[in-house]
>>> print(open('target-v3.pdb').read())   # PDB, C-alpha atoms and all ligand atoms
MODEL        1
ATOM      1  CA  MET A   1     -19.002  14.214 -14.709
ATOM      2  CA  ARG A   2     -16.203  15.166 -12.338
ATOM      3  CA  GLU A   3     -12.633  14.408 -13.380
ATOM      4  CA  LYS A   4     -10.706  12.692 -10.619
ATOM      5  CA  LEU A   5      -7.695  14.410  -9.089
ATOM      6  CA  VAL A   6      -4.741  12.706  -7.408
ATOM      7  CA  VAL A   7      -2.312  14.908  -5.502
ATOM      8  CA  GLY A   8       0.915  13.735  -3.879
ATOM      9  CA  ASN A   9       1.695  15.469  -0.599
ATOM     10  CA  TRP A  10       5.406  14.927  -0.111
ATOM     11  CA  LYS A  11       5.250  16.429   3.401
ATOM     12  CA  MET A  12       8.776  17.158   4.724
ATOM     13  CA  HIS A  13      10.555  14.611   2.545
ATOM     14  CA  GLY A  14      12.952  14.781  -0.372
ATOM     15  CA  ASN A  15      16.018  16.603  -1.568
ATOM     16  CA  LEU A  16      17.087  17.845  -4.978
ATOM     17  CA  ALA A  17      18.489  14.491  -6.080
ATOM     18  CA  GLN A  18      15.636  12.374  -4.724
ATOM     19  CA  ASN A  19      12.997  14.693  -6.152
ATOM     20  CA  LYS A  20      14.595  14.551  -9.577
ATOM     21  CA  ALA A  21      14.806  10.762  -9.512
ATOM     22  CA  LEU A  22      11.166  10.509  -8.431
ATOM     23  CA  LEU A  23       9.908  12.926 -11.080
ATOM     24  CA  ASP A  24      12.108  11.369 -13.778
ATOM     25  CA  ALA A  25      10.283   8.102 -13.087
ATOM     26  CA  ILE A  26       6.782   9.566 -12.752
ATOM     27  CA  VAL A  27       6.684  11.989 -15.688
ATOM     28  CA  PRO A  28       7.168   9.508 -18.572
ATOM     29  CA  ALA A  29       4.930   6.928 -16.908
ATOM     30  CA  MET A  30       2.060   9.425 -16.776
ATOM     31  CA  ALA A  31       2.576  10.993 -20.173
ATOM     32  CA  GLY A  32      -0.390   9.228 -21.777
ATOM     33  CA  PHE A  33      -2.781   9.533 -18.838
ATOM     34  CA  LYS A  34      -6.145  11.054 -19.702
ATOM     35  CA  ASN A  35      -9.255  11.969 -17.719
ATOM     36  CA  VAL A  36      -7.395  12.362 -14.460
ATOM     37  CA  GLY A  37      -5.628  15.343 -12.916
ATOM     38  CA  CYS A  38      -2.307  14.717 -11.167
ATOM     39  CA  ALA A  39      -0.210  17.044  -9.043
ATOM     40  CA  VAL A  40       2.534  17.007  -6.424
ATOM     41  CA  CYS A  41       2.896  19.363  -3.472
ATOM     42  CA  ALA A  42       6.484  19.812  -2.311
ATOM     43  CA  PRO A  43       8.225  21.702   0.502
ATOM     44  CA  PHE A  44       8.757  25.395  -0.356
ATOM     45  CA  PRO A  45      12.474  25.155  -1.283
ATOM     46  CA  TYR A  46      11.705  22.692  -4.073
ATOM     47  CA  LEU A  47       8.952  24.633  -5.850
ATOM     48  CA  SER A  48      11.456  26.071  -8.280
ATOM     49  CA  GLN A  49      12.630  22.546  -9.083
ATOM     50  CA  LEU A  50       9.044  21.417  -9.684
ATOM     51  CA  GLN A  51       8.449  24.428 -11.903
ATOM     52  CA  SER A  52      11.394  23.579 -14.107
ATOM     53  CA  LEU A  53      10.882  19.787 -14.209
ATOM     54  CA  LEU A  54       7.097  19.742 -14.594
ATOM     55  CA  GLN A  55       6.295  22.800 -16.696
ATOM     56  CA  SER A  56       5.957  20.891 -19.965
ATOM     57  CA  THR A  57       4.230  17.841 -18.500
ATOM     58  CA  ASN A  58       0.665  16.873 -17.608
ATOM     59  CA  ILE A  59       1.507  17.023 -13.873
ATOM     60  CA  SER A  60       0.669  20.159 -11.897
ATOM     61  CA  TRP A  61       2.347  21.243  -8.674
ATOM     62  CA  GLY A  62       1.691  23.159  -5.529
ATOM     63  CA  ALA A  63       2.593  23.922  -1.923
ATOM     64  CA  GLN A  64       1.600  22.393   1.384
ATOM     65  CA  ASN A  65       0.918  25.566   3.345
ATOM     66  CA  LEU A  66       1.132  29.356   3.183
ATOM     67  CA  SER A  67       0.636  32.439   5.315
ATOM     68  CA  GLU A  68      -2.804  33.971   5.599
ATOM     69  CA  HIS A  69      -1.064  37.384   5.389
ATOM     70  CA  SER A  70      -0.168  38.984   2.082
ATOM     71  CA  LYS A  71       3.137  40.566   3.178
ATOM     72  CA  GLY A  72       4.908  42.142   6.131
ATOM     73  CA  ALA A  73       6.933  41.337   9.207
ATOM     74  CA  PHE A  74       6.106  37.631   9.445
ATOM     75  CA  THR A  75       9.517  36.001   9.742
ATOM     76  CA  GLY A  76       9.644  32.550   8.228
ATOM     77  CA  GLU A  77       6.313  32.798   6.455
ATOM     78  CA  VAL A  78       5.526  32.435   2.743
ATOM     79  CA  SER A  79       2.740  34.402   1.041
ATOM     80  CA  ALA A  80       0.323  33.358  -1.680
ATOM     81  CA  GLU A  81       1.917  35.775  -4.169
ATOM     82  CA  MET A  82       5.298  34.115  -3.580
ATOM     83  CA  LEU A  83       3.764  30.779  -4.533
ATOM     84  CA  VAL A  84       2.315  32.348  -7.671
ATOM     85  CA  ASP A  85       5.900  33.267  -8.644
ATOM     86  CA  PHE A  86       6.553  29.526  -8.892
ATOM     87  CA  SER A  87       3.360  28.891 -10.898
ATOM     88  CA  CYS A  88       1.725  26.777  -8.203
ATOM     89  CA  THR A  89      -1.732  25.535  -9.121
ATOM     90  CA  TYR A  90      -2.682  24.110  -5.710
ATOM     91  CA  VAL A  91      -2.038  24.891  -2.061
ATOM     92  CA  ILE A  92      -3.014  22.468   0.682
ATOM     93  CA  VAL A  93      -4.678  24.221   3.625
ATOM     94  CA  GLY A  94      -5.807  22.812   6.940
ATOM     95  CA  HIS A  95      -3.912  19.546   6.746
ATOM     96  CA  SER A  96      -4.426  17.780  10.082
ATOM     97  CA  GLU A  97      -0.682  17.984  10.766
ATOM     98  CA  ARG A  98      -0.945  21.796  10.519
ATOM     99  CA  ARG A  99      -4.075  21.820  12.652
ATOM    100  CA  SER A 100      -2.631  19.602  15.377
ATOM    101  CA  LEU A 101       1.136  20.323  15.396
ATOM    102  CA  TYR A 102       0.910  24.056  14.622
ATOM    103  CA  ALA A 103      -2.405  24.795  16.316
ATOM    104  CA  GLU A 104      -4.083  26.134  13.192
ATOM    105  CA  SER A 105      -7.685  26.963  14.051
ATOM    106  CA  ASP A 106     -10.643  26.567  11.699
ATOM    107  CA  GLN A 107     -10.576  30.360  11.293
ATOM    108  CA  THR A 108      -6.865  30.450  10.382
ATOM    109  CA  VAL A 109      -7.424  27.675   7.863
ATOM    110  CA  ALA A 110     -10.323  29.650   6.376
ATOM    111  CA  ALA A 111      -8.125  32.766   6.100
ATOM    112  CA  LYS A 112      -5.440  30.710   4.332
ATOM    113  CA  TYR A 113      -8.069  29.287   1.957
ATOM    114  CA  VAL A 114      -9.124  32.836   1.059
ATOM    115  CA  ALA A 115      -5.487  33.915   0.553
ATOM    116  CA  VAL A 116      -4.965  31.040  -1.912
ATOM    117  CA  GLN A 117      -8.048  31.926  -3.928
ATOM    118  CA  GLN A 118      -7.341  35.649  -3.937
ATOM    119  CA  ALA A 119      -3.987  34.887  -5.560
ATOM    120  CA  GLY A 120      -5.717  32.826  -8.267
ATOM    121  CA  MET A 121      -4.669  29.374  -7.053
ATOM    122  CA  THR A 122      -6.843  26.477  -5.901
ATOM    123  CA  PRO A 123      -6.965  25.515  -2.234
ATOM    124  CA  ILE A 124      -7.127  21.857  -1.258
ATOM    125  CA  LEU A 125      -9.063  22.162   1.985
ATOM    126  CA  CYS A 126      -8.409  19.232   4.324
ATOM    127  CA  VAL A 127     -11.075  18.190   6.799
ATOM    128  CA  GLY A 128     -11.368  15.145   8.995
ATOM    129  CA  GLU A 129     -11.958  13.774  12.442
ATOM    130  CA  LEU A 130      -9.704  12.326  15.138
ATOM    131  CA  LEU A 131     -10.129   8.705  16.199
ATOM    132  CA  GLU A 132     -11.810   9.692  19.462
ATOM    133  CA  GLU A 133     -14.221  11.933  17.559
ATOM    134  CA  ARG A 134     -15.185   9.065  15.252
ATOM    135  CA  GLU A 135     -15.596   6.764  18.226
ATOM    136  CA  SER A 136     -17.844   9.306  19.950
ATOM    137  CA  GLY A 137     -20.000   9.566  16.830
ATOM    138  CA  VAL A 138     -19.256  13.226  16.076
ATOM    139  CA  THR A 139     -17.481  12.829  12.718
ATOM    140  CA  GLU A 140     -20.133  14.789  10.823
ATOM    141  CA  GLN A 141     -20.225  17.594  13.386
ATOM    142  CA  VAL A 142     -16.424  17.979  13.202
ATOM    143  CA  VAL A 143     -16.361  18.034   9.400
ATOM    144  CA  ALA A 144     -19.340  20.423   9.318
ATOM    145  CA  ARG A 145     -17.599  22.796  11.729
ATOM    146  CA  GLN A 146     -14.430  22.781   9.611
ATOM    147  CA  LEU A 147     -16.452  23.484   6.446
ATOM    148  CA  ASP A 148     -18.609  26.134   8.135
ATOM    149  CA  ALA A 149     -15.560  28.251   9.029
ATOM    150  CA  VAL A 150     -14.731  28.450   5.306
ATOM    151  CA  ILE A 151     -18.343  28.967   4.216
ATOM    152  CA  GLU A 152     -18.702  31.834   6.711
ATOM    153  CA  LEU A 153     -15.563  33.612   5.518
ATOM    154  CA  ALA A 154     -15.522  32.814   1.812
ATOM    155  CA  GLY A 155     -19.105  31.840   0.988
ATOM    156  CA  VAL A 156     -20.290  28.646  -0.647
ATOM    157  CA  ALA A 157     -19.583  30.083  -4.116
ATOM    158  CA  SER A 158     -15.868  29.811  -3.299
ATOM    159  CA  PHE A 159     -16.164  26.006  -3.578
ATOM    160  CA  ALA A 160     -16.471  26.431  -7.339
ATOM    161  CA  LYS A 161     -12.704  26.888  -7.313
ATOM    162  CA  ALA A 162     -11.611  24.636  -4.491
ATOM    163  CA  VAL A 163     -10.937  20.996  -3.756
ATOM    164  CA  VAL A 164     -11.929  19.327  -0.489
ATOM    165  CA  ALA A 165      -9.868  16.458   0.911
ATOM    166  CA  TYR A 166     -11.501  14.249   3.518
ATOM    167  CA  GLU A 167      -8.698  12.832   5.631
ATOM    168  CA  PRO A 168      -9.716  10.926   8.749
ATOM    169  CA  VAL A 169      -6.795  11.683  11.062
ATOM    170  CA  TRP A 170      -6.684   8.089  12.336
ATOM    171  CA  ALA A 171      -5.965   6.879   8.787
ATOM    172  CA  ILE A 172      -3.057   9.210   8.032
ATOM    173  CA  GLY A 173       0.308   7.486   7.874
ATOM    174  CA  THR A 174      -1.026   4.631  10.006
ATOM    175  CA  GLY A 175      -1.680   2.036   7.324
ATOM    176  CA  LYS A 176      -5.321   1.998   8.527
ATOM    177  CA  THR A 177      -7.440   3.087   5.591
ATOM    178  CA  ALA A 178     -11.062   4.045   6.048
ATOM    179  CA  SER A 179     -13.159   1.404   4.330
ATOM    180  CA  PRO A 180     -14.605   2.579   1.009
ATOM    181  CA  GLU A 181     -18.040   2.638   2.681
ATOM    182  CA  GLN A 182     -16.799   4.702   5.661
ATOM    183  CA  ALA A 183     -15.116   7.190   3.356
ATOM    184  CA  GLN A 184     -18.084   7.327   0.957
ATOM    185  CA  ALA A 185     -20.452   8.127   3.840
ATOM    186  CA  VAL A 186     -18.435  11.192   4.852
ATOM    187  CA  HIS A 187     -17.900  12.284   1.246
ATOM    188  CA  ALA A 188     -21.659  12.070   0.656
ATOM    189  CA  PHE A 189     -22.222  14.101   3.816
ATOM    190  CA  ILE A 190     -19.802  16.809   2.600
ATOM    191  CA  ARG A 191     -21.465  16.957  -0.817
ATOM    192  CA  SER A 192     -24.947  17.090   0.646
ATOM    193  CA  LYS A 193     -23.942  19.870   3.051
ATOM    194  CA  ILE A 194     -22.651  21.968   0.149
ATOM    195  CA  ALA A 195     -25.677  20.962  -1.966
ATOM    196  CA  GLY A 196     -27.930  22.365   0.727
ATOM    197  CA  LEU A 197     -26.471  25.769  -0.164
ATOM    198  CA  ASP A 198     -25.741  25.347  -3.875
ATOM    199  CA  ALA A 199     -26.602  22.131  -5.699
ATOM    200  CA  ASP A 200     -24.630  22.926  -8.851
ATOM    201  CA  ILE A 201     -21.410  23.699  -6.990
ATOM    202  CA  ALA A 202     -21.822  20.529  -4.930
ATOM    203  CA  LYS A 203     -22.231  18.401  -8.048
ATOM    204  CA  LYS A 204     -18.983  19.706  -9.519
ATOM    205  CA  LEU A 205     -16.957  19.766  -6.289
ATOM    206  CA  VAL A 206     -13.956  17.426  -6.289
ATOM    207  CA  ILE A 207     -13.752  15.650  -2.920
ATOM    208  CA  GLN A 208     -10.568  13.645  -2.472
ATOM    209  CA  TYR A 209      -9.954  10.947   0.095
ATOM    210  CA  GLY A 210      -6.648  10.860   1.986
ATOM    211  CA  GLY A 211      -5.301   8.392   4.527
ATOM    212  CA  SER A 212      -3.049   5.455   3.674
ATOM    213  CA  VAL A 213      -4.112   5.328   0.019
ATOM    214  CA  LYS A 214      -1.859   3.057  -2.021
ATOM    215  CA  ALA A 215      -1.913   1.041  -5.217
ATOM    216  CA  SER A 216      -3.599  -1.920  -3.491
ATOM    217  CA  ASN A 217      -6.634  -0.004  -2.181
ATOM    218  CA  ALA A 218      -7.019   2.901  -4.614
ATOM    219  CA  VAL A 219      -9.274   1.175  -7.153
ATOM    220  CA  GLU A 220     -11.828   0.230  -4.515
ATOM    221  CA  LEU A 221     -11.807   3.664  -2.859
ATOM    222  CA  PHE A 222     -12.017   5.549  -6.156
ATOM    223  CA  SER A 223     -14.933   3.414  -7.330
ATOM    224  CA  MET A 224     -17.200   5.046  -4.727
ATOM    225  CA  SER A 225     -19.574   7.586  -6.211
ATOM    226  CA  ASP A 226     -18.479  10.603  -4.155
ATOM    227  CA  ILE A 227     -14.735   9.868  -3.984
ATOM    228  CA  ASP A 228     -13.034  11.918  -6.671
ATOM    229  CA  GLY A 229      -9.423  10.858  -6.275
ATOM    230  CA  GLY A 230      -6.969  11.129  -3.425
ATOM    231  CA  LEU A 231      -4.486  13.170  -1.450
ATOM    232  CA  ILE A 232      -1.579  10.788  -1.132
ATOM    233  CA  GLY A 233       1.185  10.956   1.467
ATOM    234  CA  GLY A 234       3.606   8.042   1.835
ATOM    235  CA  ALA A 235       2.725   6.360  -1.451
ATOM    236  CA  SER A 236       3.454   9.553  -3.394
ATOM    237  CA  LEU A 237       7.153   9.154  -2.580
ATOM    238  CA  ILE A 238       7.361   5.833  -4.445
ATOM    239  CA  ALA A 239       7.107   6.300  -8.206
ATOM    240  CA  GLU A 240       5.378   3.000  -9.058
ATOM    241  CA  GLU A 241       2.886   3.414  -6.243
ATOM    242  CA  PHE A 242       2.002   6.969  -7.169
ATOM    243  CA  VAL A 243       1.661   6.139 -10.863
ATOM    244  CA  ALA A 244      -0.535   3.148  -9.992
ATOM    245  CA  VAL A 245      -2.760   5.322  -7.783
ATOM    246  CA  CYS A 246      -3.114   7.878 -10.606
ATOM    247  CA  LYS A 247      -3.923   5.045 -12.990
ATOM    248  CA  ALA A 248      -6.613   3.762 -10.624
ATOM    249  CA  ALA A 249      -8.197   7.214 -10.773
ATOM    250  CA  GLN A 250      -8.360   7.056 -14.570
ATOM    251  CA  GLY A 251     -11.028   4.390 -14.169
TER     252      GLY A 251
HETATM  253  O1  LIG B 301      -1.806  14.461   2.797
HETATM  254  C1  LIG B 301      -1.799  13.232   2.815
HETATM  255  C2  LIG B 301      -2.346  12.526   3.933
HETATM  256  O2  LIG B 301      -1.914  13.041   5.143
HETATM  257  C3  LIG B 301      -2.246  11.037   3.831
HETATM  258  O3  LIG B 301      -0.978  10.576   4.171
HETATM  259  P1  LIG B 301      -0.678   8.991   4.002
HETATM  260  O4  LIG B 301      -1.072   8.656   2.609
HETATM  261  O5  LIG B 301       0.784   8.859   4.252
HETATM  262  O6  LIG B 301      -1.537   8.314   5.010
ENDMDL
END
>>> encode(input="target-v3.pdb", output="structure tokens")
Amino acid sequence: MREKLVVGNWKMHGNLAQNKALLDAIVPAMAGFKNVGCAVCAPFPYLSQLQSLLQSTNISWGAQNLSEHSKGAFTGEVSAEMLVDFSCTYVIVGHSERRSLYAESDQTVAAKYVAVQQAGMTPILCVGELLEERESGVTEQVVARQLDAVIELAGVASFAKAVVAYEPVWAIGTGKTASPEQAQAVHAFIRSKIAGLDADIAKKLVIQYGGSVKASNAVELFSMSDIDGGLIGGASLIAEEFVAVCKAAQG
């Protein structure tokens, strides 16, 4: 049985005061939660704050990006080892905003995924199709291509210590959620693709859904057999919403 995992992706939001207020509301509300993993991924400058506010709680934390390089003359970049200094558990790689706004290729995303694992953290690998790709019927080909880049570089065994997040790009921040059936179909495709290479790893692989998840739709989405929680953007910035989404994942 896979435990569900809900991760808040704060994106480029927050400040010291807002983060504290948000976490002060979330932490006690989640204190008794069982059978669900919860985490928040903040901008780099706030990782130290997360480390100090969350270290004795049942909420993990992580980053939203990193460099594929381990060190060197890469002005403005942040390495995996630097994230380890702040006890990050997770690092999101290949978010569609990184792929589209910062031109991250499938190969760069795969290199970042490897960097996260080599440092002992868990990558949350985002995959998903654009609206025009869905409308042209190539959703599975797009997701397969994104997964193949990682499988080629890191091998299927690497998915034993990774999370996959299916995020249809047309559902991100738009209020348009994929229907539970649409999401389930892609999640099942992802699991069967991995199962074709290693059935045991596929069975244990946590596959999150992301794209306009909120308290009002989380229960239905998380009731699907291959949806193992969510990667939450906007709703993770509102304490009651995020707590309700985590509660929905408890079952
Ligand atoms: O990483 C989170 C996703 O981009 C979803 O964002 P959203 O919940 O605001 O649609």
>>> resolve_selection(input="target-v3.pdb", expression="the PyMOL selection byres (((chain A and resi 40) around 6) and not hetatm)", output="tab-separated table (two decimals) with C-alpha atoms, in the coordinates of the input")
chain	number	residue	atom	x	y	z
A	7	VAL	CA	-2.31	14.91	-5.50
A	8	GLY	CA	0.92	13.74	-3.88
A	39	ALA	CA	-0.21	17.04	-9.04
A	41	CYS	CA	2.90	19.36	-3.47
A	61	TRP	CA	2.35	21.24	-8.67
>>> residues_near_ligand(input="target-v3.pdb", ligand="ligand LIG 301 (chain B)", cutoff="9 Å", atoms="only C-alpha atoms and all ligand atoms", output="VMD selection string")
chain A and resid 7 to 11 64 92 95 to 97 126 165 167 to 177 209 to 214 230 to 236
>>> write_last_selection(input="target-v3.pdb", atoms="C-alpha atoms", output="tab-separated table (two decimals), in the frame of the given file")
chain	number	residue	atom	x	y	z
A	7	VAL	CA	-2.31	14.91	-5.50
A	8	GLY	CA	0.92	13.74	-3.88
A	9	ASN	CA	1.70	15.47	-0.60
A	10	TRP	CA	5.41	14.93	-0.11
A	11	LYS	CA	5.25	16.43	3.40
A	64	GLN	CA	1.60	22.39	1.38
A	92	ILE	CA	-3.01	22.47	0.68
A	95	HIS	CA	-3.91	19.55	6.75
A	96	SER	CA	-4.43	17.78	10.08
A	97	GLU	CA	-0.68	17.98	10.77
A	126	CYS	CA	-8.41	19.23	4.32
A	165	ALA	CA	-9.87	16.46	0.91
A	167	GLU	CA	-8.70	12.83	5.63
A	168	PRO	CA	-9.72	10.93	8.75
A	169	VAL	CA	-6.80	11.68	11.06
A	170	TRP	CA	-6.68	8.09	12.34
A	171	ALA	CA	-5.96	6.88	8.79
A	172	ILE	CA	-3.06	9.21	8.03
A	173	GLY	CA	0.31	7.49	7.87
A	174	THR	CA	-1.03	4.63	10.01
A	175	GLY	CA	-1.68	2.04	7.32
A	176	LYS	CA	-5.32	2.00	8.53
A	177	THR	CA	-7.44	3.09	5.59
A	209	TYR	CA	-9.95	10.95	0.10
A	210	GLY	CA	-6.65	10.86	1.99
A	211	GLY	CA	-5.30	8.39	4.53
A	212	SER	CA	-3.05	5.46	3.67
A	213	VAL	CA	-4.11	5.33	0.02
A	214	LYS	CA	-1.86	3.06	-2.02
A	230	GLY	CA	-6.97	11.13	-3.42
A	231	LEU	CA	-4.49	13.17	-1.45
A	232	ILE	CA	-1.58	10.79	-1.13
A	233	GLY	CA	1.18	10.96	1.47
A	234	GLY	CA	3.61	8.04	1.84
A	235	ALA	CA	2.72	6.36	-1.45
A	236	SER	CA	3.45	9.55	-3.39
>>> closest_atom_pairs(input="target-v3.pdb", of="region 95-149 of chain A", to="region 70-82 of chain A", cutoff="12 Å", atoms="all atoms listed in the file", output="CSV")
residue,atom,partner,partner_atom,distance
A:Ala111,CA,A:Ser70,CA,10.9
A:Lys112,CA,A:Ala80,CA,8.7
A:Tyr113,CA,A:Ala80,CA,10.0
A:Val114,CA,A:Ala80,CA,9.8
A:Ala115,CA,A:Ala80,CA,6.2
A:Val116,CA,A:Ala80,CA,5.8
A:Gln117,CA,A:Ala80,CA,8.8
A:Gln118,CA,A:Ala80,CA,8.3
A:Ala119,CA,A:Ala80,CA,6.0
A:Gly120,CA,A:Ala80,CA,9.0
A:Met121,CA,A:Ala80,CA,8.3
A:Thr122,CA,A:Ala80,CA,10.8
A:Pro123,CA,A:Ala80,CA,10.7
>>> atom_distance(input="target-v3.pdb", atom1="CA of Tyr46 (chain A)", atom2="CA of Gly14 (chain A)")
8.8 Å
>>> atom_distance(input="target-v3.pdb", atom1="CA of Ala178 (chain A)", atom2="CA of Glu135 (chain A)")
13.3 Å
>>> residues_around(input="target-v3.pdb", residues="Phe44 (chain A)", least_positions_apart="4", cutoff="10 Å", atoms="only C-alpha atoms", output="PyMOL selection string")
chain A and resi 12+48-49+62-66+78+82-83+86
>>> closest_residue(input="target-v3.pdb", among="A:Val142, A:Asp200, A:Ile124, A:Gly37", to="Ala160 (chain A)", atoms="all atoms listed in the file")
A:Asp200
>>> axis_aligned_box(input="target-v3.pdb", around="region 118-126 of chain A", padding_each_side="3 Å", output="AutoDock Vina command-line options")
--center_x -6.5 --center_y 27.4 --center_z -2.0 --size_x 11.1 --size_y 22.4 --size_z 18.6
>>> resolve_selection(input="target-v3.pdb", expression="the PyMOL selection byres (((chain A and resi 148) around 12) and not hetatm)", output="count of residues only")
26
>>> closest_residue(input="target-v3.pdb", among="A:Ala25, A:Ile59, A:Ala17, A:Val36", to="Ala249 (chain A)", atoms="all atoms listed in the file")
A:Val36
>>> atom_distance(input="target-v3.pdb", atom1="CA of Asn19 (chain A)", atom2="CA of Gln55 (chain A)")
14.9 Å
>>> closest_residue(input="target-v3.pdb", among="A:Leu5, A:Ala157, A:Ala248, A:Val27", to="Leu53 (chain A)", atoms="only C-alpha atoms")
A:Val27
>>> closest_residue(input="target-v3.pdb", among="A:Gly229, A:Ala202, A:Thr57, A:Glu132", to="Gly32 (chain A)", atoms="all atoms listed in the file")
A:Thr57
>>> closest_residue(input="target-v3.pdb", among="A:Ala103, A:Leu50, A:Ala29, A:Gln208", to="Ala244 (chain A)", atoms="all atoms listed in the file")
A:Ala29
>>> closest_residue(input="target-v3.pdb", among="A:Lys34, A:Leu54, A:Ala199, A:Ser67", to="Glu3 (chain A)", atoms="all atoms listed in the file")
A:Lys34
>>> build_atoms(input="target-v3.pdb", residues="region 207-229 of chain A", atoms="N, CA and C atoms", output="PDB file, in the frame of the given file")
ATOM      1  N   ILE A 207     -14.005  16.009  -4.329  1.00  0.00           N
ATOM      2  CA  ILE A 207     -13.752  15.650  -2.920  1.00  0.00           C
ATOM      3  C   ILE A 207     -12.810  14.451  -2.918  1.00  0.00           C
ATOM      4  N   GLN A 208     -11.581  14.713  -2.506  1.00  0.00           N
ATOM      5  CA  GLN A 208     -10.568  13.645  -2.472  1.00  0.00           C
ATOM      6  C   GLN A 208     -10.629  12.917  -1.127  1.00  0.00           C
ATOM      7  N   TYR A 209     -10.159  11.683  -1.160  1.00  0.00           N
ATOM      8  CA  TYR A 209      -9.954  10.947   0.095  1.00  0.00           C
ATOM      9  C   TYR A 209      -8.452  10.864   0.367  1.00  0.00           C
ATOM     10  N   GLY A 210      -8.057  11.030   1.618  1.00  0.00           N
ATOM     11  CA  GLY A 210      -6.648  10.860   1.986  1.00  0.00           C
ATOM     12  C   GLY A 210      -6.523  10.077   3.272  1.00  0.00           C
ATOM     13  N   GLY A 211      -5.521   9.205   3.325  1.00  0.00           N
ATOM     14  CA  GLY A 211      -5.301   8.392   4.527  1.00  0.00           C
ATOM     15  C   GLY A 211      -4.920   6.991   4.114  1.00  0.00           C
ATOM     16  N   SER A 212      -3.585   6.776   4.008  1.00  0.00           N
ATOM     17  CA  SER A 212      -3.049   5.455   3.674  1.00  0.00           C
ATOM     18  C   SER A 212      -3.557   4.908   2.336  1.00  0.00           C
ATOM     19  N   VAL A 213      -3.759   5.807   1.370  1.00  0.00           N
ATOM     20  CA  VAL A 213      -4.112   5.328   0.019  1.00  0.00           C
ATOM     21  C   VAL A 213      -2.850   4.800  -0.638  1.00  0.00           C
ATOM     22  N   LYS A 214      -2.980   3.649  -1.279  1.00  0.00           N
ATOM     23  CA  LYS A 214      -1.859   3.057  -2.021  1.00  0.00           C
ATOM     24  C   LYS A 214      -2.411   2.273  -3.206  1.00  0.00           C
ATOM     25  N   ALA A 215      -1.485   1.728  -3.995  1.00  0.00           N
ATOM     26  CA  ALA A 215      -1.913   1.041  -5.217  1.00  0.00           C
ATOM     27  C   ALA A 215      -2.937  -0.050  -4.900  1.00  0.00           C
ATOM     28  N   SER A 216      -2.748  -0.760  -3.775  1.00  0.00           N
ATOM     29  CA  SER A 216      -3.599  -1.920  -3.491  1.00  0.00           C
ATOM     30  C   SER A 216      -5.013  -1.561  -3.023  1.00  0.00           C
ATOM     31  N   ASN A 217      -5.264  -0.327  -2.618  1.00  0.00           N
ATOM     32  CA  ASN A 217      -6.634  -0.004  -2.181  1.00  0.00           C
ATOM     33  C   ASN A 217      -7.282   1.122  -2.987  1.00  0.00           C
ATOM     34  N   ALA A 218      -6.512   1.711  -3.919  1.00  0.00           N
ATOM     35  CA  ALA A 218      -7.019   2.901  -4.614  1.00  0.00           C
ATOM     36  C   ALA A 218      -8.227   2.597  -5.504  1.00  0.00           C
ATOM     37  N   VAL A 219      -8.190   1.463  -6.214  1.00  0.00           N
ATOM     38  CA  VAL A 219      -9.274   1.175  -7.153  1.00  0.00           C
ATOM     39  C   VAL A 219     -10.613   1.115  -6.405  1.00  0.00           C
ATOM     40  N   GLU A 220     -10.590   0.400  -5.275  1.00  0.00           N
ATOM     41  CA  GLU A 220     -11.828   0.230  -4.515  1.00  0.00           C
ATOM     42  C   GLU A 220     -12.334   1.571  -3.965  1.00  0.00           C
ATOM     43  N   LEU A 221     -11.405   2.359  -3.413  1.00  0.00           N
ATOM     44  CA  LEU A 221     -11.807   3.664  -2.859  1.00  0.00           C
ATOM     45  C   LEU A 221     -12.351   4.570  -3.963  1.00  0.00           C
ATOM     46  N   PHE A 222     -11.637   4.610  -5.094  1.00  0.00           N
ATOM     47  CA  PHE A 222     -12.017   5.549  -6.156  1.00  0.00           C
ATOM     48  C   PHE A 222     -13.261   5.099  -6.916  1.00  0.00           C
ATOM     49  N   SER A 223     -13.717   3.859  -6.643  1.00  0.00           N
ATOM     50  CA  SER A 223     -14.933   3.414  -7.330  1.00  0.00           C
ATOM     51  C   SER A 223     -16.192   3.940  -6.621  1.00  0.00           C
ATOM     52  N   MET A 224     -16.029   4.540  -5.448  1.00  0.00           N
ATOM     53  CA  MET A 224     -17.200   5.046  -4.727  1.00  0.00           C
ATOM     54  C   MET A 224     -17.688   6.334  -5.392  1.00  0.00           C
ATOM     55  N   SER A 225     -19.003   6.525  -5.363  1.00  0.00           N
ATOM     56  CA  SER A 225     -19.574   7.586  -6.211  1.00  0.00           C
ATOM     57  C   SER A 225     -19.158   9.006  -5.820  1.00  0.00           C
ATOM     58  N   ASP A 226     -18.842   9.234  -4.557  1.00  0.00           N
ATOM     59  CA  ASP A 226     -18.479  10.603  -4.155  1.00  0.00           C
ATOM     60  C   ASP A 226     -16.989  10.771  -3.873  1.00  0.00           C
ATOM     61  N   ILE A 227     -16.188   9.771  -4.205  1.00  0.00           N
ATOM     62  CA  ILE A 227     -14.735   9.868  -3.984  1.00  0.00           C
ATOM     63  C   ILE A 227     -14.076  10.191  -5.326  1.00  0.00           C
ATOM     64  N   ASP A 228     -13.532  11.395  -5.387  1.00  0.00           N
ATOM     65  CA  ASP A 228     -13.034  11.918  -6.671  1.00  0.00           C
ATOM     66  C   ASP A 228     -11.510  11.959  -6.716  1.00  0.00           C
ATOM     67  N   GLY A 229     -10.880  10.895  -6.262  1.00  0.00           N
ATOM     68  CA  GLY A 229      -9.423  10.858  -6.275  1.00  0.00           C
ATOM     69  C   GLY A 229      -8.871  10.943  -4.858  1.00  0.00           C
TER      70      GLY A 229
END
